[in-house]
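Enquirer: The structure under discussion is supplied below as structure tokens; questions concerning it will follow.
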Amino acid sequence: MIAATGYQGKTVAVMGLGCSGRVAAESLALGGAHVLAWDDAPAGRDATAANDGVEIVDLTKADWTGIAALVLSPGIPHTHPAPHPVAALAKAAGVPIIGDVELLLRACPDARVIAITGTNGKSTTTALVGHILRSAGIDCAVGGNLGEPALSLAALGKEAVYVIEFSSYQLELTPSLSADVAVLLNITPDHLDRHGGLEGYVAAKRRIFDWPKDDAVAIIGSDDPNCRDIAAELSTHKRSIVRVSGSEEVRGGVFARDGALIDDQSFRSKEILRLADAEALPGIHNAQNAAAAFAAATTVGVDESVAADAIRSFPGLAHRQERIAEIDGIKFVNDSKATNADATARAVVCYPAIYWIAGGRAKAGGVSELLPLLGNVKGAFLIGECAEDFATTLSGTFGGAFDGAGLNAVPVRKCGTLDRAVPAAFEAARQDSLEGATVLLSPAAASFDQFPNFELRGEAFRRLVADLAGPEDGGAA
């Protein structure tokens, strides 16, 4: 654990005692701070109460005149839709509100930083960059919004690299972020309630480029208008920019063309690898992820051939188009991380015959934007709170028929729960006997109606598929 320096002898409040909050409280105490910690849930308080140097105090009743900073869990609102009472008290007292990644950067100011964000793909890209750097023998630590809490990572010196995934929430809580390489993959509407609308969400993502370094490099996706606008704005400030794309040529950037990853950073296009050889990275969206990871890694000195080999060998991430089994010629893909329609859109174009499990707690817009993309979906097996609404949007006839608006319509079955949907989708796929049949869990909705998080939803899918396989057929892909 990293000792959070800079607050020795001072009082720091920590609000939110999930995994990252508990680590932050311990890290601050290790660095000599007097820590006052609180969580709205008793379980969080109880889990932290035994830690040395951490005092459990109701922060809504604390004296804020003597508190140097509030370390806020990124899941707790401090602006929209309304600030948490503790955040409101801190603001009224003029107390800075920061996050755990801010403490990491202050404690290890000499390490290089590759910062990665985007509505979708940021976890895969972060893990892929770490995989490339390790393959190249570069000392690095990977975490943040992905995996380990930031302060659980090793303390690194100036030749090493932190590869940090940032959510929009975390970017708002990291005011001194000064990345050597900052990556913005894409921006599509998400978390709008937490940012007061799309404009606020875009502004939060834009923060990843707020650096003072003259030699910093911005890597920006070119496949959506919000990112293109940010790239144009940064170019007026003469920032060093590398554009990346999974679907179009970008002069001076890295992009996919005719099934290959192309490096044009020297303005002499060179094929780096065939994307089909990177089996854990299917689809256009993953082509963009690979382009961004390649650009980031080569920017910090990785040889292009080493980067290409590492992209080929990347094993992928759990719950992100994770191929978990093949039974009777039918593939099973766990894409539980797809909690919005935009994420699911990236999956439903990757497989030739899809038996799609979708639903949960719907996000704004539902699945209507997916209708033009469902030509390969042979049936939708719906679960959760939004099953009825999704059924209304999707209902149609078998065979990739088209509705009156010229959009793909699919047959639907309201299964209600995942344990009903998995065998139903499997049986439909077996009856159809189509080449390339894939049972795809890509919910396009949050998990919170039936599961605490998308990870547990994905693990439930894995267990149900294992039950289908039976004891004598591991079904491993």
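Just so we're on the same page: first chain in the structure tokens is A, next is B, and so on; residues restart at 1 for each chain, and ligands are numbered from 1 in the order they show up.
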With only C-alpha atoms as the counted atoms, please give the residues lying no more than 12 Å from Arg228 of chain A, apart from itself and same-chain residues fewer than 3 positions off, as JSON, numbers by chain.
Expert: {"A": [184, 185, 186, 187, 202, 206, 219, 220, 221, 222, 223, 224, 225, 231, 232, 233, 234, 235, 241, 242, 243, 244, 245, 250]}
Enquirer: Any chance you could export the current selection's N, CA, C and O atoms as a CSV table (one decimal), in the first residue's frame?
Expert:
chain,number,residue,atom,x,y,z
A,184,LEU,N,-8.6,9.4,-24.6
A,184,LEU,CA,-10.0,9.6,-24.6
A,184,LEU,C,-10.6,8.8,-25.8
A,184,LEU,O,-10.3,9.1,-27.0
A,185,LEU,N,-11.3,7.7,-25.5
A,185,LEU,CA,-11.7,6.8,-26.6
A,185,LEU,C,-12.9,7.2,-27.3
A,185,LEU,O,-13.0,7.2,-28.5
A,186,ASN,N,-13.9,7.6,-26.5
A,186,ASN,CA,-15.2,7.9,-27.1
A,186,ASN,C,-16.1,8.6,-26.1
A,186,ASN,O,-15.8,8.5,-24.9
A,187,ILE,N,-17.1,9.2,-26.5
A,187,ILE,CA,-18.1,9.8,-25.6
A,187,ILE,C,-19.5,9.6,-26.2
A,187,ILE,O,-19.8,10.1,-27.3
A,202,VAL,N,-19.5,15.6,-21.0
A,202,VAL,CA,-18.4,15.9,-22.0
A,202,VAL,C,-17.3,16.7,-21.3
A,202,VAL,O,-16.1,16.4,-21.4
A,206,ARG,N,-13.4,15.7,-20.7
A,206,ARG,CA,-12.4,16.6,-21.3
A,206,ARG,C,-11.3,16.9,-20.3
A,206,ARG,O,-10.2,17.3,-20.6
A,219,ILE,N,-4.3,11.2,-27.0
A,219,ILE,CA,-4.7,10.2,-27.9
A,219,ILE,C,-6.3,10.2,-27.9
A,219,ILE,O,-6.8,10.0,-26.8
A,220,ILE,N,-6.9,10.5,-29.0
A,220,ILE,CA,-8.3,10.7,-29.1
A,220,ILE,C,-9.0,9.9,-30.2
A,220,ILE,O,-8.5,9.9,-31.3
A,221,GLY,N,-10.1,9.3,-29.8
A,221,GLY,CA,-10.9,8.5,-30.8
A,221,GLY,C,-11.5,9.5,-31.8
A,221,GLY,O,-11.9,10.6,-31.4
A,222,SER,N,-11.6,9.0,-33.0
A,222,SER,CA,-12.2,9.8,-34.1
A,222,SER,C,-13.5,9.3,-34.5
A,222,SER,O,-14.1,9.8,-35.6
A,223,ASP,N,-14.1,8.4,-33.8
A,223,ASP,CA,-15.3,7.7,-34.3
A,223,ASP,C,-16.6,8.3,-33.7
A,223,ASP,O,-17.7,7.7,-33.9
A,224,ASP,N,-16.6,9.4,-33.0
A,224,ASP,CA,-17.8,10.1,-32.5
A,224,ASP,C,-17.6,11.6,-32.5
A,224,ASP,O,-16.5,12.1,-32.4
A,225,PRO,N,-18.7,12.3,-32.7
A,225,PRO,CA,-18.5,13.8,-32.9
A,225,PRO,C,-18.0,14.5,-31.6
A,225,PRO,O,-17.3,15.5,-31.8
A,231,ALA,N,-10.8,17.1,-30.1
A,231,ALA,CA,-9.5,17.0,-30.8
A,231,ALA,C,-9.3,18.3,-31.6
A,231,ALA,O,-8.2,18.9,-31.6
A,232,ALA,N,-10.4,18.9,-32.2
A,232,ALA,CA,-10.2,20.1,-32.9
A,232,ALA,C,-9.9,21.3,-32.0
A,232,ALA,O,-9.0,22.1,-32.3
A,233,GLU,N,-10.5,21.3,-30.8
A,233,GLU,CA,-10.2,22.3,-29.9
A,233,GLU,C,-8.8,22.2,-29.4
A,233,GLU,O,-8.1,23.2,-29.3
A,234,LEU,N,-8.3,21.0,-29.0
A,234,LEU,CA,-7.0,20.9,-28.6
A,234,LEU,C,-5.9,21.2,-29.6
A,234,LEU,O,-4.9,21.8,-29.3
A,235,SER,N,-6.2,21.0,-30.9
A,235,SER,CA,-5.3,21.3,-31.9
A,235,SER,C,-5.0,22.8,-32.1
A,235,SER,O,-3.9,23.2,-32.5
A,241,ILE,N,-1.3,15.5,-30.7
A,241,ILE,CA,-2.5,14.7,-30.8
A,241,ILE,C,-2.3,13.5,-31.7
A,241,ILE,O,-1.7,13.7,-32.8
A,242,VAL,N,-2.7,12.4,-31.3
A,242,VAL,CA,-2.7,11.2,-32.1
A,242,VAL,C,-4.2,10.7,-32.2
A,242,VAL,O,-4.8,10.4,-31.2
A,243,ARG,N,-4.8,10.8,-33.4
A,243,ARG,CA,-6.1,10.3,-33.5
A,243,ARG,C,-6.2,8.8,-33.8
A,243,ARG,O,-5.3,8.3,-34.5
A,244,VAL,N,-7.2,8.1,-33.3
A,244,VAL,CA,-7.3,6.7,-33.5
A,244,VAL,C,-8.7,6.3,-33.9
A,244,VAL,O,-9.6,7.0,-33.5
A,245,SER,N,-8.8,5.3,-34.7
A,245,SER,CA,-10.1,4.9,-35.2
A,245,SER,C,-10.2,3.4,-35.4
A,245,SER,O,-9.2,2.8,-35.9
A,250,VAL,N,-7.2,7.8,-40.4
A,250,VAL,CA,-7.0,9.1,-39.8
A,250,VAL,C,-5.5,9.4,-40.1
A,250,VAL,O,-4.6,8.7,-39.5
Enquirer: Please extract the residues of segment 95-188 of chain A with a backbone DSSP assignment of strand (DSSP E) and present them as a list of chain:residue names.
Expert: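 Filtering segment 95-188 of chain A to strand (DSSP E) leaves A:Ile97, A:Ile98, A:Arg112, A:Val113, A:Ile114, A:Ala115, A:Ile116, A:Thr117, A:Cys140, A:Ala141, A:Val142, A:Gly143, A:Gly144, A:Val161, A:Tyr162, A:Val163, A:Ile164, A:Glu165, A:Val181, A:Ala182, A:Val183, A:Leu184.
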Enquirer: Please produce an output containing C-alpha atoms for each residue in the selection, written as a PDB file, in the first residue's frame.
Expert:
ATOM      1  CA  ILE A  97     -12.927  17.534  -2.386  1.00  0.00           C
ATOM      2  CA  ILE A  98     -10.602  14.976  -3.977  1.00  0.00           C
ATOM      3  CA  ARG A 112       4.935   8.548 -15.672  1.00  0.00           C
ATOM      4  CA  VAL A 113       1.171   8.334 -16.105  1.00  0.00           C
ATOM      5  CA  ILE A 114      -0.949   6.950 -18.925  1.00  0.00           C
ATOM      6  CA  ALA A 115      -4.515   8.072 -18.157  1.00  0.00           C
ATOM      7  CA  ILE A 116      -7.390   6.409 -20.012  1.00  0.00           C
ATOM      8  CA  THR A 117     -11.078   7.259 -20.178  1.00  0.00           C
ATOM      9  CA  CYS A 140       4.127  -0.548 -14.555  1.00  0.00           C
ATOM     10  CA  ALA A 141       1.094  -0.738 -12.316  1.00  0.00           C
ATOM     11  CA  VAL A 142      -2.482  -0.891 -13.599  1.00  0.00           C
ATOM     12  CA  GLY A 143      -5.546   0.205 -11.660  1.00  0.00           C
ATOM     13  CA  GLY A 144      -7.911   3.033 -10.810  1.00  0.00           C
ATOM     14  CA  VAL A 161       4.433   3.939 -15.578  1.00  0.00           C
ATOM     15  CA  TYR A 162       1.049   4.071 -13.894  1.00  0.00           C
ATOM     16  CA  VAL A 163      -1.706   2.992 -16.291  1.00  0.00           C
ATOM     17  CA  ILE A 164      -4.840   4.435 -14.721  1.00  0.00           C
ATOM     18  CA  GLU A 165      -8.418   4.036 -15.879  1.00  0.00           C
ATOM     19  CA  VAL A 181      -0.234  10.230 -22.198  1.00  0.00           C
ATOM     20  CA  ALA A 182      -3.976  10.952 -21.959  1.00  0.00           C
ATOM     21  CA  VAL A 183      -6.400   8.718 -23.868  1.00  0.00           C
ATOM     22  CA  LEU A 184     -10.031   9.563 -24.624  1.00  0.00           C
TER      23      LEU A 184
END
Enquirer: So that I can see what lies close to Ala49 of chain A, please list as a count of residues only the residues with an atom at most 12 Å from it, counting only C-alpha atoms and leaving out residues fewer than 3 positions away in the same chain.
Expert: 20
Enquirer: Would you mind telling me which residue in A:Leu70, A:Ile230, A:Ile208, A:Val254 lies nearest to Pro175 of chain A when using only C-alpha atoms?
Expert: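 Using only C-alpha atoms, the shortest distance to Pro175 of chain A belongs to A:Ile208.
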Enquirer: Compile the contact shell of segment 278-280 of chain A as a list in words: residues with an atom at most 8 Å away, counting only C-alpha atoms, same-chain residues fewer than 3 positions apart removed.
Expert: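 So the residues in contact are Arg274, Leu275, Ile311, Arg312, Ser313, Phe314, Pro315, Gly316 and Glu322 of chain A.
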Enquirer: Just the number, please: distance in Å from atom CA of Arg134 of chain A to atom CA of Thr299 of chain A, one decimal.
Expert: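 Distance between the two atoms: 14.9 Å.
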Enquirer: Between A:Ala341, A:Ala364, A:Ile330, A:Val217, which residue has the minimum interatomic distance to Phe426 of chain A, considering only C-alpha atoms?
Expert: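 Counting only C-alpha atoms, the residue closest to Phe426 of chain A is A:Ile330.
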Enquirer: Using only C-alpha atoms, pick whichever of A:Ser176, A:Thr5, A:Asn226, A:Asn289 has the shortest atom-to-atom distance to Ala107 of chain A.
Expert: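 Looking only at the distances to Ala107 of chain A, the closest residue turns out to be A:Thr5.
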Enquirer: What's the 10 Å shell around Ala310 of chain A, counting only C-alpha atoms, without same-chain residues fewer than 2 positions away, as a PDB file with C-alpha atoms, in the first residue's frame?
Expert:
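Done, and the output landed in around24.pdb:
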ATOM      1  CA  LEU A 128      -4.229  -3.967 -22.924  1.00  0.00           C
ATOM      2  CA  VAL A 129      -1.776  -1.101 -22.377  1.00  0.00           C
ATOM      3  CA  GLY A 130      -0.589  -2.760 -19.171  1.00  0.00           C
ATOM      4  CA  HIS A 131      -0.177  -6.068 -21.004  1.00  0.00           C
ATOM      5  CA  ILE A 132       1.896  -4.404 -23.725  1.00  0.00           C
ATOM      6  CA  LEU A 133       4.126  -2.565 -21.247  1.00  0.00           C
ATOM      7  CA  ARG A 134       4.787  -5.718 -19.236  1.00  0.00           C
ATOM      8  CA  SER A 135       5.572  -7.612 -22.441  1.00  0.00           C
ATOM      9  CA  ALA A 136       8.125  -4.897 -23.208  1.00  0.00           C
ATOM     10  CA  ALA A 278      -6.042 -10.727 -31.826  1.00  0.00           C
ATOM     11  CA  PHE A 294      -0.674   0.726 -29.565  1.00  0.00           C
ATOM     12  CA  GLU A 304       6.131  -1.548 -32.472  1.00  0.00           C
ATOM     13  CA  SER A 305       6.809  -5.256 -33.056  1.00  0.00           C
ATOM     14  CA  VAL A 306       6.685  -5.944 -29.306  1.00  0.00           C
ATOM     15  CA  ALA A 307       3.417  -4.021 -29.087  1.00  0.00           C
ATOM     16  CA  ALA A 308       1.971  -5.998 -32.012  1.00  0.00           C
ATOM     17  CA  ARG A 312      -2.044 -10.715 -30.426  1.00  0.00           C
ATOM     18  CA  SER A 313      -1.475 -12.467 -27.084  1.00  0.00           C
ATOM     19  CA  PHE A 314      -3.849 -10.319 -25.013  1.00  0.00           C
ATOM     20  CA  PRO A 315      -6.219 -12.681 -23.156  1.00  0.00           C
TER      21      PRO A 315
END
Enquirer: Tell me, in Å to one decimal, how far atom CA of Leu468 of chain A is from atom CA of Ser336 of chain A.
Expert: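 Calculated distance between atom CA of Leu468 of chain A and atom CA of Ser336 of chain A is 18.6 Å.
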Enquirer: At a cut-off of 10 Å, using only C-alpha atoms, what residues contact Ala428 of chain A? Leave out same-chain residues fewer than 2 positions from it and give the result as a PyMOL selection string.
Expert: chain A and resi 355+378-379+423-426+430-433+437+439
Enquirer: Output C-alpha atoms for every residue in that selection, as a compact mmCIF listing (two decimals), in the first residue's frame.
Expert:
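Wrote again.txt, looks like this:
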# COMPACT_ATOMS: atom_id res chain seq x y z
CA TYR A 355 -29.25 -15.50 -29.34
CA LYS A 378 -32.19 -14.55 -34.14
CA GLY A 379 -33.97 -14.05 -30.84
CA PRO A 423 -31.30 -22.53 -21.24
CA ALA A 424 -34.00 -20.95 -23.41
CA ALA A 425 -31.41 -19.24 -25.62
CA PHE A 426 -29.33 -22.43 -25.78
CA ARG A 430 -29.69 -25.87 -30.93
CA GLN A 431 -32.99 -26.06 -32.78
CA ASP A 432 -31.90 -23.56 -35.43
CA SER A 433 -28.48 -25.24 -35.96
CA ALA A 437 -24.47 -19.57 -33.32
CA VAL A 439 -25.52 -17.09 -26.97
